[in-house]
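Colleague: A single structure is presented below for examination.
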Amino acid sequence: MGGEVELSYTHEQHEQENKGSTVYMTAEITPEALMEIYTALGTGLEGNQTAVKLSTGEPPASNYLDPNLIKELVQSVNGTIVECNTAYGGSRSETAMHYQVAEDHGFTEIADVVIMDEDGSATIPVEGGTRLKENYVGAHFPEYDGFLVLSHFKGHAMAGFGGAIKNISIGIGSAEGKCLIHTAGSSHDSPWGGEQNAFLESMAEAGKSVVDALDENILFINVMNHLSIDCDCDGNPAEPDIHDIGILASADPVALDQACVDLIYQAEGREALVSRMESRNAELVLEHGEEIGLGSRSYQLKRIDG
């Protein structure tokens with residue numbers, strides 16, 4: 001991984017007329033726009049226990065979603081904010097510290113917060129995978145009927161980019177599950193030393209297991225702001241080179257992340273983030289996700305802001 005790569009500005013665009021999954025988009029990044037794009041999805045989440053999955057953000061200066069941006073939406077679905085502990089150390093590797101970070105970053109002020117693996121792991125099956133047979137998620141995962149997945153789209157040091165698929169795979173994985181995804185099932189206690197392509201394919205497979213376990217009662221929103229090459233797991237991320245783009249939403253996490261990637265390739269100042277993605281073979285997670293039935297890389301982009 002890493003190093004210089006030749007940027008591929010012949011990147012294929014996957015937006016198709018009258019084909020593929022629907023992805024909604026607005027250039028506005030406001031609480032009102034977030035509510036509008038959720039409404040545009042046309043169907044709410046079923047059940048009485050709704051989880052809102054997001055990243056609480058690594059201190060001291062990561063680009064996690066602003067609680068003031070998401071408050072109205074989270075409360076409108078009566079959502080419980082959920083996260084899992086990290087597997088790499090830092091301020092969110094232990095439950096008590098993680099709850100403190102959630103409080104310090106303002107999330108406990110807008111909703112209840114649950115660290116899903118505070119009581120260990122639960123396992124769910126992976127159907128149709130080539131890397132994983134089962135996925136270790138936070139033990140409290142089965143308590144929720146549906147998930148609203150709020151992701152800050154950005155770069156990532158290992159995955160190349162982080163969006164909806166990373167949020168439901170690594171993000172919902174317990175600390176143990178994170179190790180298994182990173183190592184394609186080889187290690188329960190270390191996330192290090194895995195092969196890159198196997199890691200990316202394992203993310204897609206873990207994500208599919210989550211969608212399957214919820215019987216597709218899950219919706220996805222990506223916020224494209226603070227577009228650093230670094231993830232919210234980095235407490236001191238690089239400054240963004242790309243201006244904020246907007247909010248996108250879909251019932252299909254593959255189509256949603258693909259649309260975000262395509263927009264990055266069109267953006268001014270894209271060089272650093274494109275280099276990060278290409279050096280990590282980042283789109284393999286989308287290719288494998290489509291292969292195993294997690295979603296479609298083809299999409300129709302529908303603007304809701306005129």
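We label chains A, B, ... in the order they appear in the structure tokens, count residues from 1 in each chain, and number ligands from 1 in the order shown.
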What's around region 174-180 of chain A at 10 Å? Count only C-alpha atoms, leave out sequence neighbours fewer than 4 positions away in its own chain, and write the answer as a PyMOL selection string.

Modeller: chain A and resi 83-88+93-94+115-123+131-132+134-139+141+169-170+184-192+194+199+202-203+206

Colleague: Go ahead and write the residues just picked, C-alpha atoms, as a PDB file, in the first residue's frame.

Modeller:
ATOM      1  CA  GLU A  83     -21.016   2.433  17.653  1.00  0.00           C
ATOM      2  CA  CYS A  84     -18.447  -0.265  18.425  1.00  0.00           C
ATOM      3  CA  ASN A  85     -15.025  -0.062  20.010  1.00  0.00           C
ATOM      4  CA  THR A  86     -11.911   0.214  17.886  1.00  0.00           C
ATOM      5  CA  ALA A  87      -9.296  -2.515  17.468  1.00  0.00           C
ATOM      6  CA  TYR A  88      -6.279  -0.232  17.073  1.00  0.00           C
ATOM      7  CA  SER A  93     -10.793   1.171  22.247  1.00  0.00           C
ATOM      8  CA  GLU A  94     -12.357   0.715  25.689  1.00  0.00           C
ATOM      9  CA  ILE A 115     -21.501   0.954  22.403  1.00  0.00           C
ATOM     10  CA  MET A 116     -22.769  -2.273  20.867  1.00  0.00           C
ATOM     11  CA  ASP A 117     -19.811  -4.456  21.804  1.00  0.00           C
ATOM     12  CA  GLU A 118     -19.565  -3.333  25.429  1.00  0.00           C
ATOM     13  CA  ASP A 119     -20.730  -6.880  26.275  1.00  0.00           C
ATOM     14  CA  GLY A 120     -18.697  -8.618  23.586  1.00  0.00           C
ATOM     15  CA  SER A 121     -19.700 -10.064  20.235  1.00  0.00           C
ATOM     16  CA  ALA A 122     -22.612 -11.766  18.516  1.00  0.00           C
ATOM     17  CA  THR A 123     -22.134 -13.704  15.293  1.00  0.00           C
ATOM     18  CA  ARG A 131     -13.380 -14.663   2.610  1.00  0.00           C
ATOM     19  CA  LEU A 132     -15.636 -14.913   5.671  1.00  0.00           C
ATOM     20  CA  GLU A 134     -19.394 -15.456   9.835  1.00  0.00           C
ATOM     21  CA  ASN A 135     -19.260 -11.867  11.009  1.00  0.00           C
ATOM     22  CA  TYR A 136     -18.643 -10.834  14.614  1.00  0.00           C
ATOM     23  CA  VAL A 137     -20.786  -7.794  15.411  1.00  0.00           C
ATOM     24  CA  GLY A 138     -21.471  -5.979  18.669  1.00  0.00           C
ATOM     25  CA  ALA A 139     -23.486  -8.140  21.055  1.00  0.00           C
ATOM     26  CA  PHE A 141     -26.763  -5.546  17.382  1.00  0.00           C
ATOM     27  CA  SER A 169     -18.757  -3.664   8.131  1.00  0.00           C
ATOM     28  CA  ILE A 170     -15.816  -2.369  10.161  1.00  0.00           C
ATOM     29  CA  ALA A 184      -9.976 -12.010   6.202  1.00  0.00           C
ATOM     30  CA  GLY A 185     -10.842 -14.339   9.080  1.00  0.00           C
ATOM     31  CA  SER A 186      -7.304 -15.150  10.202  1.00  0.00           C
ATOM     32  CA  SER A 187      -7.055 -13.324  13.537  1.00  0.00           C
ATOM     33  CA  HIS A 188      -9.502 -12.678  16.365  1.00  0.00           C
ATOM     34  CA  ASP A 189      -7.204 -10.340  18.284  1.00  0.00           C
ATOM     35  CA  SER A 190      -5.052  -8.373  15.834  1.00  0.00           C
ATOM     36  CA  PRO A 191      -6.089  -6.208  12.868  1.00  0.00           C
ATOM     37  CA  TRP A 192      -2.579  -6.123  11.412  1.00  0.00           C
ATOM     38  CA  GLY A 194      -3.824  -8.896   6.419  1.00  0.00           C
ATOM     39  CA  PHE A 199      -9.448  -7.070   3.531  1.00  0.00           C
ATOM     40  CA  SER A 202     -14.059  -9.074   3.629  1.00  0.00           C
ATOM     41  CA  MET A 203     -15.551  -5.622   4.206  1.00  0.00           C
ATOM     42  CA  ALA A 206     -19.361  -8.362   6.382  1.00  0.00           C
TER      43      ALA A 206
END

Colleague: Please provide the set of residues having any atom within 12 Å of region 43-46 of chain A, restricted to only C-alpha atoms, with same-chain residues fewer than 3 positions apart removed, written as a PyMOL selection string.

Modeller: chain A and resi 35+37-40+49-52+73+76-79+144-149+214-220+250-251

Colleague: Can I get the selected residues back with N, CA and C atoms, as a short mmCIF file (atom, residue, chain, number, x, y, z; two decimals), in the first residue's frame?

Modeller:
data_model
loop_
_atom_site.label_atom_id
_atom_site.label_comp_id
_atom_site.auth_asym_id
_atom_site.auth_seq_id
_atom_site.Cartn_x
_atom_site.Cartn_y
_atom_site.Cartn_z
N MET A 35 -33.12 16.07 6.43
CA MET A 35 -34.49 15.58 6.57
C MET A 35 -35.14 15.36 5.20
N ILE A 37 -33.70 14.64 2.32
CA ILE A 37 -33.16 13.50 1.56
C ILE A 37 -33.61 12.19 2.20
N TYR A 38 -33.79 12.18 3.51
CA TYR A 38 -34.35 10.98 4.15
C TYR A 38 -35.78 10.75 3.68
N THR A 39 -36.55 11.82 3.60
CA THR A 39 -37.92 11.72 3.11
C THR A 39 -37.95 11.25 1.66
N ALA A 40 -36.99 11.70 0.86
CA ALA A 40 -36.93 11.32 -0.55
C ALA A 40 -36.76 9.82 -0.74
N GLN A 49 -37.39 -0.26 17.41
CA GLN A 49 -36.03 -0.01 17.89
C GLN A 49 -35.13 0.31 16.69
N THR A 50 -34.88 1.60 16.46
CA THR A 50 -34.06 2.03 15.34
C THR A 50 -32.69 2.46 15.82
N ALA A 51 -31.67 1.89 15.22
CA ALA A 51 -30.30 2.30 15.50
C ALA A 51 -29.84 3.30 14.45
N VAL A 52 -29.08 4.29 14.88
CA VAL A 52 -28.44 5.23 13.97
C VAL A 52 -26.94 4.99 14.08
N LEU A 73 -32.90 14.71 12.42
CA LEU A 73 -33.16 13.44 11.78
C LEU A 73 -33.10 12.29 12.78
N SER A 76 -36.14 12.36 14.86
CA SER A 76 -37.38 12.09 14.10
C SER A 76 -37.63 10.60 13.94
N VAL A 77 -36.57 9.79 13.95
CA VAL A 77 -36.73 8.33 13.85
C VAL A 77 -36.65 7.66 15.21
N ASN A 78 -36.60 8.50 16.27
CA ASN A 78 -36.47 8.00 17.64
C ASN A 78 -35.28 7.05 17.73
N GLY A 79 -34.16 7.48 17.17
CA GLY A 79 -33.02 6.61 17.03
C GLY A 79 -32.10 6.57 18.23
N TYR A 144 -31.89 -4.33 17.67
CA TYR A 144 -32.45 -3.27 16.83
C TYR A 144 -33.15 -3.85 15.61
N ASP A 145 -34.34 -3.28 15.32
CA ASP A 145 -35.13 -3.75 14.17
C ASP A 145 -34.59 -3.24 12.85
N GLY A 146 -34.09 -2.02 12.86
CA GLY A 146 -33.61 -1.40 11.63
C GLY A 146 -32.49 -0.42 11.91
N PHE A 147 -31.75 -0.09 10.86
CA PHE A 147 -30.60 0.81 11.00
C PHE A 147 -30.70 1.95 9.99
N LEU A 148 -30.45 3.15 10.48
CA LEU A 148 -30.20 4.31 9.64
C LEU A 148 -28.69 4.56 9.71
N VAL A 149 -28.01 4.44 8.58
CA VAL A 149 -26.55 4.50 8.54
C VAL A 149 -26.14 5.88 8.05
N LEU A 214 -30.69 -7.89 8.85
CA LEU A 214 -31.76 -6.91 9.07
C LEU A 214 -32.90 -7.06 8.08
N ASP A 215 -32.82 -8.08 7.21
CA ASP A 215 -33.82 -8.30 6.17
C ASP A 215 -34.02 -7.02 5.36
N GLU A 216 -32.89 -6.34 5.07
CA GLU A 216 -32.85 -5.12 4.27
C GLU A 216 -33.60 -3.94 4.90
N ASN A 217 -33.88 -3.99 6.21
CA ASN A 217 -34.51 -2.87 6.91
C ASN A 217 -33.41 -1.89 7.34
N ILE A 218 -32.79 -1.28 6.33
CA ILE A 218 -31.62 -0.44 6.55
C ILE A 218 -31.55 0.58 5.42
N LEU A 219 -31.24 1.83 5.78
CA LEU A 219 -31.13 2.92 4.82
C LEU A 219 -29.82 3.66 5.04
N PHE A 220 -29.31 4.29 3.98
CA PHE A 220 -27.95 4.83 4.00
C PHE A 220 -27.92 6.28 3.54
N SER A 250 -29.40 6.48 -0.32
CA SER A 250 -29.91 5.36 -1.10
C SER A 250 -30.25 4.21 -0.17
N ALA A 251 -31.06 3.28 -0.69
CA ALA A 251 -31.27 2.01 -0.02
C ALA A 251 -30.20 1.00 -0.41
#

Colleague: Nearest residue to Ala204 (chain A) out of A:Val101, A:Ile221, A:Leu284, A:Leu301, using only C-alpha atoms?

Modeller: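 Of all the options, A:Leu284 lies closest to Ala204 (chain A).
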
Colleague: Based on DSSP run over this structure's backbone, return all residues of region 38-134 of chain A in strand (DSSP E), as a PyMOL selection string.

Modeller: chain A and resi 50-53+79-83+113-115+121-125+134

Colleague: If you count only C-alpha atoms, which residues fall within 8 Å of Pro59 (chain A), apart from same-chain ones fewer than 6 positions away, as a PyMOL selection string?

Modeller: chain A and resi 91+101+234-236

Colleague: Kindly indicate which residue among A:Val113, A:Leu200, A:Ile81, A:Ile245 lies nearest to Thr26 (chain A), using only C-alpha atoms for the distances.

Modeller: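 Checking each of A:Val113, A:Leu200, A:Ile81, A:Ile245 against Thr26 (chain A), counting only C-alpha atoms, the winner is A:Ile245.
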
Colleague: Step one, run DSSP on the backbone; step two, keep only residues of region 68-215 of chain A assigned to alpha helix (DSSP H); then write them as a PyMOL selection string.

Modeller: chain A and resi 68-76+95-104+164-168+175-182+196-213

Colleague: Write out as a PDB file with N, CA and C atoms, in the first residue's frame which residues come within 12 Å of Glu290 (chain A) when counting only C-alpha atoms, dropping same-chain ones fewer than 3 positions away.

Modeller:
ATOM      1  N   GLY A  20     -30.202   0.614 -12.775  1.00  0.00           N
ATOM      2  CA  GLY A  20     -29.505   0.575 -11.504  1.00  0.00           C
ATOM      3  C   GLY A  20     -30.336   1.137 -10.364  1.00  0.00           C
ATOM      4  N   SER A  21     -29.697   1.243  -9.204  1.00  0.00           N
ATOM      5  CA  SER A  21     -30.358   1.724  -7.993  1.00  0.00           C
ATOM      6  C   SER A  21     -30.465   3.244  -7.996  1.00  0.00           C
ATOM      7  N   GLY A 128     -22.651 -16.525   0.829  1.00  0.00           N
ATOM      8  CA  GLY A 128     -22.104 -16.272  -0.496  1.00  0.00           C
ATOM      9  C   GLY A 128     -20.734 -15.635  -0.514  1.00  0.00           C
ATOM     10  N   GLY A 129     -20.057 -15.603   0.627  1.00  0.00           N
ATOM     11  CA  GLY A 129     -18.746 -14.989   0.683  1.00  0.00           C
ATOM     12  C   GLY A 129     -17.632 -15.947   0.308  1.00  0.00           C
ATOM     13  N   ILE A 165     -20.425   1.308   3.144  1.00  0.00           N
ATOM     14  CA  ILE A 165     -20.012  -0.090   3.322  1.00  0.00           C
ATOM     15  C   ILE A 165     -19.049  -0.215   4.494  1.00  0.00           C
ATOM     16  N   GLU A 201     -12.416  -7.250   0.254  1.00  0.00           N
ATOM     17  CA  GLU A 201     -13.496  -8.198  -0.028  1.00  0.00           C
ATOM     18  C   GLU A 201     -14.200  -8.622   1.262  1.00  0.00           C
ATOM     19  N   ALA A 204     -16.835  -6.037   2.189  1.00  0.00           N
ATOM     20  CA  ALA A 204     -18.082  -6.198   1.432  1.00  0.00           C
ATOM     21  C   ALA A 204     -18.905  -7.356   1.992  1.00  0.00           C
ATOM     22  N   GLU A 205     -18.248  -8.455   2.322  1.00  0.00           N
ATOM     23  CA  GLU A 205     -18.963  -9.629   2.824  1.00  0.00           C
ATOM     24  C   GLU A 205     -19.562  -9.375   4.206  1.00  0.00           C
ATOM     25  N   GLY A 207     -20.447  -6.459   5.316  1.00  0.00           N
ATOM     26  CA  GLY A 207     -21.560  -5.556   5.082  1.00  0.00           C
ATOM     27  C   GLY A 207     -22.807  -6.280   4.613  1.00  0.00           C
ATOM     28  N   LYS A 208     -22.636  -7.237   3.717  1.00  0.00           N
ATOM     29  CA  LYS A 208     -23.787  -7.998   3.235  1.00  0.00           C
ATOM     30  C   LYS A 208     -24.428  -8.797   4.357  1.00  0.00           C
ATOM     31  N   ASP A 252     -29.297   1.368  -1.316  1.00  0.00           N
ATOM     32  CA  ASP A 252     -28.252   0.486  -1.846  1.00  0.00           C
ATOM     33  C   ASP A 252     -26.889   1.057  -1.473  1.00  0.00           C
ATOM     34  N   PRO A 253     -26.147   0.399  -0.561  1.00  0.00           N
ATOM     35  CA  PRO A 253     -24.862   0.967  -0.129  1.00  0.00           C
ATOM     36  C   PRO A 253     -23.786   0.946  -1.207  1.00  0.00           C
ATOM     37  N   VAL A 254     -23.836  -0.027  -2.120  1.00  0.00           N
ATOM     38  CA  VAL A 254     -22.854  -0.078  -3.199  1.00  0.00           C
ATOM     39  C   VAL A 254     -23.067   1.090  -4.152  1.00  0.00           C
ATOM     40  N   ALA A 255     -24.301   1.286  -4.582  1.00  0.00           N
ATOM     41  CA  ALA A 255     -24.608   2.397  -5.482  1.00  0.00           C
ATOM     42  C   ALA A 255     -24.269   3.734  -4.831  1.00  0.00           C
ATOM     43  N   ASP A 257     -22.023   4.457  -2.360  1.00  0.00           N
ATOM     44  CA  ASP A 257     -20.574   4.689  -2.303  1.00  0.00           C
ATOM     45  C   ASP A 257     -19.982   4.894  -3.689  1.00  0.00           C
ATOM     46  N   GLN A 258     -20.502   4.173  -4.700  1.00  0.00           N
ATOM     47  CA  GLN A 258     -20.003   4.359  -6.064  1.00  0.00           C
ATOM     48  C   GLN A 258     -20.293   5.767  -6.566  1.00  0.00           C
ATOM     49  N   GLU A 283     -11.776   0.606  -4.977  1.00  0.00           N
ATOM     50  CA  GLU A 283     -13.054   0.239  -5.595  1.00  0.00           C
ATOM     51  C   GLU A 283     -13.293  -1.265  -5.636  1.00  0.00           C
ATOM     52  N   LEU A 284     -12.316  -2.057  -5.221  1.00  0.00           N
ATOM     53  CA  LEU A 284     -12.545  -3.502  -5.144  1.00  0.00           C
ATOM     54  C   LEU A 284     -13.682  -3.833  -4.193  1.00  0.00           C
ATOM     55  N   VAL A 285     -13.856  -3.035  -3.133  1.00  0.00           N
ATOM     56  CA  VAL A 285     -14.954  -3.304  -2.206  1.00  0.00           C
ATOM     57  C   VAL A 285     -16.301  -3.156  -2.910  1.00  0.00           C
ATOM     58  N   LEU A 286     -16.380  -2.251  -3.888  1.00  0.00           N
ATOM     59  CA  LEU A 286     -17.614  -2.063  -4.654  1.00  0.00           C
ATOM     60  C   LEU A 286     -17.793  -3.184  -5.674  1.00  0.00           C
ATOM     61  N   GLU A 287     -16.702  -3.567  -6.319  1.00  0.00           N
ATOM     62  CA  GLU A 287     -16.762  -4.665  -7.286  1.00  0.00           C
ATOM     63  C   GLU A 287     -17.210  -5.957  -6.607  1.00  0.00           C
ATOM     64  N   GLY A 293     -23.914  -9.613  -4.318  1.00  0.00           N
ATOM     65  CA  GLY A 293     -25.311  -9.231  -4.178  1.00  0.00           C
ATOM     66  C   GLY A 293     -25.602  -8.196  -3.117  1.00  0.00           C
ATOM     67  N   LEU A 294     -24.571  -7.468  -2.666  1.00  0.00           N
ATOM     68  CA  LEU A 294     -24.805  -6.406  -1.692  1.00  0.00           C
ATOM     69  C   LEU A 294     -25.504  -5.217  -2.331  1.00  0.00           C
ATOM     70  N   GLY A 295     -25.252  -4.996  -3.608  1.00  0.00           N
ATOM     71  CA  GLY A 295     -25.878  -3.878  -4.301  1.00  0.00           C
ATOM     72  C   GLY A 295     -25.363  -3.775  -5.717  1.00  0.00           C
ATOM     73  N   SER A 296     -25.695  -2.659  -6.376  1.00  0.00           N
ATOM     74  CA  SER A 296     -25.344  -2.440  -7.780  1.00  0.00           C
ATOM     75  C   SER A 296     -24.423  -1.239  -7.909  1.00  0.00           C
ATOM     76  N   ARG A 297     -23.397  -1.364  -8.762  1.00  0.00           N
ATOM     77  CA  ARG A 297     -22.534  -0.217  -9.036  1.00  0.00           C
ATOM     78  C   ARG A 297     -23.203   0.763 -10.005  1.00  0.00           C
ATOM     79  N   SER A 298     -24.213   0.317 -10.736  1.00  0.00           N
ATOM     80  CA  SER A 298     -24.970   1.203 -11.625  1.00  0.00           C
ATOM     81  C   SER A 298     -26.037   1.925 -10.814  1.00  0.00           C
TER      82      SER A 298
END

Colleague: What's around Ala259 (chain A) at 8 Å? Count only C-alpha atoms, leave out sequence neighbours fewer than 4 positions away in its own chain, and write the answer as a list in words.

Modeller: His14, Glu15, Val23, Ala255, Leu263, Tyr299 and Leu301 of chain A

Colleague: As an exercise, work out the distance from CA of Gly155 (chain A) to CA of His226 (chain A) in Å and give it to one decimal place.

Modeller: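 Rounded to one decimal, the two atoms are 10.1 Å apart.
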
Colleague: What does the structure give for the distance between CA of Glu109 (chain A) and CA of Asn68 (chain A), in Å to one decimal?

Modeller: 9.9 Å

Colleague: Show which residues sit within 7 Å of Leu227 (chain A), as a short mmCIF file (atom, residue, chain, number, x, y, z; two decimals) with C-alpha atoms, in the first residue's frame. Count only C-alpha atoms, and ignore same-chain residues fewer than 6 positions away.

Modeller:
data_model
loop_
_atom_site.label_atom_id
_atom_site.label_comp_id
_atom_site.auth_asym_id
_atom_site.auth_seq_id
_atom_site.Cartn_x
_atom_site.Cartn_y
_atom_site.Cartn_z
CA LYS A 154 -13.90 10.68 3.24
CA PRO A 240 -9.24 18.70 2.70
CA ILE A 242 -11.88 19.34 -2.15
CA ASP A 244 -17.87 20.17 0.29
#

Colleague: Report, in Å to a single decimal, how far apart CA of Gly106 (chain A) and CA of Asn63 (chain A) are.

Modeller: 13.3 Å
